[in-house]
Amino acid sequence: MKKILIVDDEPNILLSLDFLMKKNGFEVFIARDGEEALDIAQREKPTIVILDIMMPKVDGYEVCQFLKSQADLSHARVIFLSAKSKDTDIQKGYDVGADLYVTKPFSTRTLVKQVKELA
Amino acid sequence: MGERQARRGRSLVNNPYIYSLSLAVFCTAWTYYGSVGQAAQQGIPFLTTYLGPTLMAPLWWIVLRKIIRICKVQRITTLADFISARYGNTIWLGVLVTTVCVLGILPYISIQLKAVATSLDILLENPAPDKSVTGFATDPALFITIALAGFTILFGTRRVDVTERHEGMVTAIAFESLFKLLAFLAVGAYITFGIFNGFGDIFSQASELPSLRELFTLDESQYADWFWLTLVAMFAIFLLPRQFQVAVKENVDENHLRRAIWLFPLYLILINLFVLPIALGGNLLFQGQSVDADTYVLAIPQFFSQNGLTLFTFLGGLSAATSMIIVSTIALSTMVNNNLLVPIWLSGKSLQELKRKRINRALLNSRRLTIIGILLFAYLYFKLVSGQFSLVSIGIVSFVAVAQLAPATLGGLFWKRGTHAGAFSGLLVGFGVWFYTLILPTIVQAELLPADFLENGLFGISALRPQSLFGLTVFSPLSQAIFWSLLLNTGCYVGVSLCTRIGVSERKQAELFVDIFRYSPRTASALEGMKVVQAADIQELLTKFLGTRQTEASLKTFYRQYQTSYQPKADYRLVSYAERLLAGVIGSASAHVMVMSVVRKDDLRLEDLFQVLDESQQLVYANQKLKQKSEELEQLSHQLKRANEELKKIDHLKDEFISTVTHEMRTPITSIRAFCEILQDSPELSDDEQEQFLTTIIKETDRMERLINQVLDLEKFESGKQKLNLQEVAMNDIIQDALKSVSQLLKERGVTIQVNLSANLPPVQADPDRLTQVILNLISNAIKFCDSDNGQVRISSYLVDGVVKVNVLDNGKGVPAESQEMIFEGFFQAHDQTTKKPIGSGLGLTISRKIIEHHQGRLWVESEPNQGAKFSFTLPAPRTAKKLTY
């Protein structure tokens with residue numbers, strides 16, 4: 001079972017993604033901020049990481065940059081899931097190594113399809 | 001009246017007839033009374049006084065026009081100025097010329113006083129005037145003198161700027177000239193045609209008496225006198241201070257000269273028409289009686305009891321005398337002040353010092369005092385000396401005095417080689433001879449000096465006899481005086497000039513005076529007293545006003561135009577070119593001041609000094625105004641800049657706010673959409689799961705609604721559309737109500753609350769709903785941020801310094817100092833708060849502060865790290881409410 005790490009500071013978003021990913025056969029890990037995300041990622045080596053950007057402590061960009069810089073983590077596919085929708089924000093997301101950038105609000109059906117493709 | 005006209009722009013004086021009539025100030029009591037007196041005693045030589053000016057008149061176009069042009073260009077106001085300017089602007093030459101003029105003219109003024117006093121005596125049929133000096137206080141002449149001083153001050157010292165014309169005075173003088181002419185013609189016609197049967201009758205009666213026949217017969221021995229007196233009169237017509245005043249200074253348009261050239265001689269002919277008939281008639285009528293011939297004009301009509309005509313004649317004579325006195329005194333006072341007193345006063349004073357003094361007032365007062373002084377001296381001279389002489393004899397003495405100015409003046413006009421030393425020595429010698437040969441004898445005759453000196457000469461040397469100097473006995477005493485004074489004067493002027501070198505500034509002035517028409521009309525104004533001027537200084541000055549590019553272009557034009565190239569020392573052409581350039585920018589007066597500031601350095605000429613002072617005071621004033629304006633502008637632009645920055649900041653904040661709000665709205669929408677899709681796609685969901693997801697959707701919807709309401713609220717406050725429903729509110733009641741509504745939340749969170757409300761708070765003016773909103777916001781924040789395990793919230797209210805103050809404290813982590821203002825800016829979340837996001841939109845504090853501010857209160861936070869946060873707000877307590885508490 002492929003591991004997926006979901007990082008967001010909004011409990012309701014975590015709740016919905018947790019349900020969706022489990023339903024689609026992923027082993028789901030939850031993190032509420034960037035620090036916690038890095039801990040879990042190093043421990044679990046997830047295949048997919050769904051990352052919010054605006055989070056307390058360490059933001060999504062930093063998390064992504066760190067993951068891509070680590071040899072044992074760089075394989076992880078990173079999907080940004082953010083309310084930040086400006087071109088510059090999106091560009092920055094790809095610059096730090098993201099595989100996909102999805103803006104909130106998002107379609108659960110499309111997201112699930114994209115996650116499956118990347119996995 | 002004339003001056004008011006001039007201000008209205010239609011100058012009465014700008015008229016060749018007025019100008020010509022004003023020149024007739026030449027005809028004084030001397031003409032009016034004295035000519036008849038002279039004719040009655042000596043016959044036709046009286047005509048020399050008028051032949052001179054008549055002969056001179058055609059030359060005016062050459063001489064007088066040149067003087068006028070020079071004076072206008074250089075802003076010269078007196079003859080003393082003129083001569084000192086021509087010879088390099090030295091003070092001492094001005095002093096000498098002034099001395100000559102004052103000493104020369106004082107006797108002349110005194111005879112006018114004498115004429116007025118005598119004619120008044122005749123009019124009032126007083127006994128022959130008592131020649132003793134006693135009884136000043138009752139002497140009508142003294143009162144006349146004082147009255148004239150008053151008039152002169154009134155006419156002549158209204159303004160400081162002496163270059164300004166006295167149009168009122170000129171108009172009055174012209175009128176008086178007309179009046180005295182008519183009066184004299186009237187009395188002449190009366191005597192000739194009323195008493196006698198026309199000219200023929202008088203002359204045939206007179207020719208029957210041998211003593212009278214001589215009077216209109218030319219005697220060979222008189223030829224010399226004729227020549228010299230005519231020559232002196234030729235000079236007098238433009239060198240007498242009063243003539244210089246009316247002919248040069250008061251001249252409006254040099255083209256007026258064209259008409260004056262024939263109008264003025266015509267006037268002279270008319271006023272002399274009846275001189276001989278009156279003189280002969282008087283001699284015939286008063287044969288064997290002791291009637292002063294100087295008084296015939298008045299005595300004849302009175303003798304025939306023609307009271308109206310007598311009065312008319314008297315008034316004509318009064319006009320003649322007063323106009324001479326007024327104009328002469330004004331001219332002399334200007335001269336005495338500008339060339340004598342002020343240089344003394346100025347010496348040793350710095351410009352700075354002068355600027356501080358009220359120079360205008362001092363100058364006017366000084367001129368007034370001078371006028372009084374001149375008239376009093378003239379009066380004394382009349383009492384002591386001239387009372388004993390005929391009008392003409394004294395007048396001629398004055399003529400000879402001013403004639404001494406002729407070599408320096410005419411030489412200055414036509415001979416560039418004339419130098420300062422030459423002019424000074426010539427004038428000094430001529431004046432000395434004049435004094436020795438003409439003044440000393442009168443003093444002797446007045447018995448103020450021993451008579452022996454007159455007969456045997458100084459130290460008994462016969463060659464030094466004043467009335468036949470160097471043994472010259474061919475001429476009459478008067479002619480030899482004129483001869484020697486003018487000869488020695490001219491000799492010294494030419495001789496010394498040729499022996500001395502011309503100074504730099506002198507050469508420029510010489511060039512300018514002699515070739516005035518080549519440089520006129522404006523060229524020369526920069527030149528007086530010019531020091532060595534650096535072309536660079538001029539360029540710098542121009543650059544200040546025109547900018548570098550235009551200055552360079554203009555200078556290129558200048559060098560091309562005059563076919564010269566750049567010289568380190570600026571010549572007068574460059575200076576005047578610069579002045580003209582500047583005049584186009586800042587006006588001619590200011591341009592002159594500016595150029596002078598470069599040209600003059602320290603050696604200022606007085607006339608211009610006043611001008612500069614006067615204008616620089618205005619300039620200083622204008623500068624201050626300008627500075628003030630530019631400071632205001634600077635301030636304004638600062639304010640604009642600040643406002644702009646503020647706007648930019650606000651704009652930026654607005655952008656940020658909008659992006660934050662949209663971000664905040666995306667979050668609940670995202671959840672809602674996700675859960676809706678899950679519910680739709682997942683028929684396998686359990687009832688519990690369905691329930692949970694639906695509840696979440698509703699909560700997120702509430703969150704969105706709150707957010708939207710708060711944004712709208714804030715917008716209302718920001719735009720000022722929010723209306724407060726103000727009423728008297730008891731603060732404590734609001735707090736209690738708010739506490740009730742959060743009691744459930746407190747219980748859920750296990751937070752304890754301490755309430756400490758002051759019992760006697762005055763009611764405040766507030767909107768109860770809004771106030772409740774603020775208090776609820778603060779309490780719920782406190783609950784949200786207080787210690788998660790042992791939450792404590794304290795709320796208190798009290799009256800302090802006339803305001804009602806409410807504190808809400810929590811025991812949480814507190815707000816770091818750097819965030820204490822930011823938390824009021826909306827959507828701010830402290831960085832190190834727990835990962836669990838607190839409930840709320842992030843706009844609560846922003847709105848609360850707005851509400852309190854709309855109530856004229858203040859809302860702020862005080863906090864130490866880990867000591868919790870204390871939010872406080874104040875509302876003003878009404879003053880009347882304070883009483884209620886007692």
# chains A, B, ... in the order shown; residues from 1 in each chain; ligands from 1
call {"tool": "select_by_dssp", "arguments": {"residues": "chain A", "states": "strand (DSSP E)", "output": "ChimeraX atom specification"}}
result
/A:3-7,27-31,48-51,77-82,100-103
call {"tool": "residues_around", "arguments": {"residues": "Lys116 in chain A", "least_positions_apart": "3", "cutoff": "12 Å", "atoms": "only C-alpha atoms", "output": "number ranges by chain"}}
result
A: 2-4, 20-21, 24-26, 47-48, 77, 79, 109-113, 119
call {"tool": "write_last_selection", "arguments": {"atoms": "C-alpha atoms", "output": "PDB file, in the first residue's frame"}}
result
ATOM      1  CA  LYS A   2       1.429   3.315  -1.041  1.00  0.00           C
ATOM      2  CA  LYS A   3       2.007   5.844   1.656  1.00  0.00           C
ATOM      3  CA  ILE A   4       0.543   9.337   1.365  1.00  0.00           C
ATOM      4  CA  LEU A  20     -10.759  10.315   0.290  1.00  0.00           C
ATOM      5  CA  MET A  21      -7.247   8.833   0.224  1.00  0.00           C
ATOM      6  CA  ASN A  24      -8.714   5.052  -2.704  1.00  0.00           C
ATOM      7  CA  GLY A  25      -6.341   2.606  -1.053  1.00  0.00           C
ATOM      8  CA  PHE A  26      -3.561   4.761   0.377  1.00  0.00           C
ATOM      9  CA  THR A  47       5.268   8.118  -2.111  1.00  0.00           C
ATOM     10  CA  ILE A  48       2.959  11.088  -2.284  1.00  0.00           C
ATOM     11  CA  ARG A  77       5.838  13.123  -5.459  1.00  0.00           C
ATOM     12  CA  ILE A  79       1.428  18.020  -4.718  1.00  0.00           C
ATOM     13  CA  ARG A 109     -12.497  13.692  -8.221  1.00  0.00           C
ATOM     14  CA  THR A 110      -9.739  15.384 -10.225  1.00  0.00           C
ATOM     15  CA  LEU A 111      -7.368  15.354  -7.255  1.00  0.00           C
ATOM     16  CA  VAL A 112      -7.863  11.638  -6.678  1.00  0.00           C
ATOM     17  CA  LYS A 113      -7.225  10.951 -10.356  1.00  0.00           C
ATOM     18  CA  ALA A 119       1.696   7.347  -7.460  1.00  0.00           C
TER      19      ALA A 119
END
call {"tool": "closest_residue", "arguments": {"among": "B:Gly317, B:Gly188, B:Gly814, B:Gly412", "to": "Phe785 in chain B", "atoms": "only C-alpha atoms"}}
result
B:Gly814
call {"tool": "interface_residues", "arguments": {"of": "chain A", "to": "chain B", "cutoff": "6 Å", "atoms": "only C-alpha atoms", "output": "list in words"}}
result
Ile13, Ala83, Lys104, Pro105 and Thr108 of chain A
call {"tool": "closest_residue", "arguments": {"among": "A:Ile30, A:Leu100, A:Leu14, A:Leu5", "to": "Ile50 in chain A", "atoms": "only C-alpha atoms"}}
result
A:Leu5
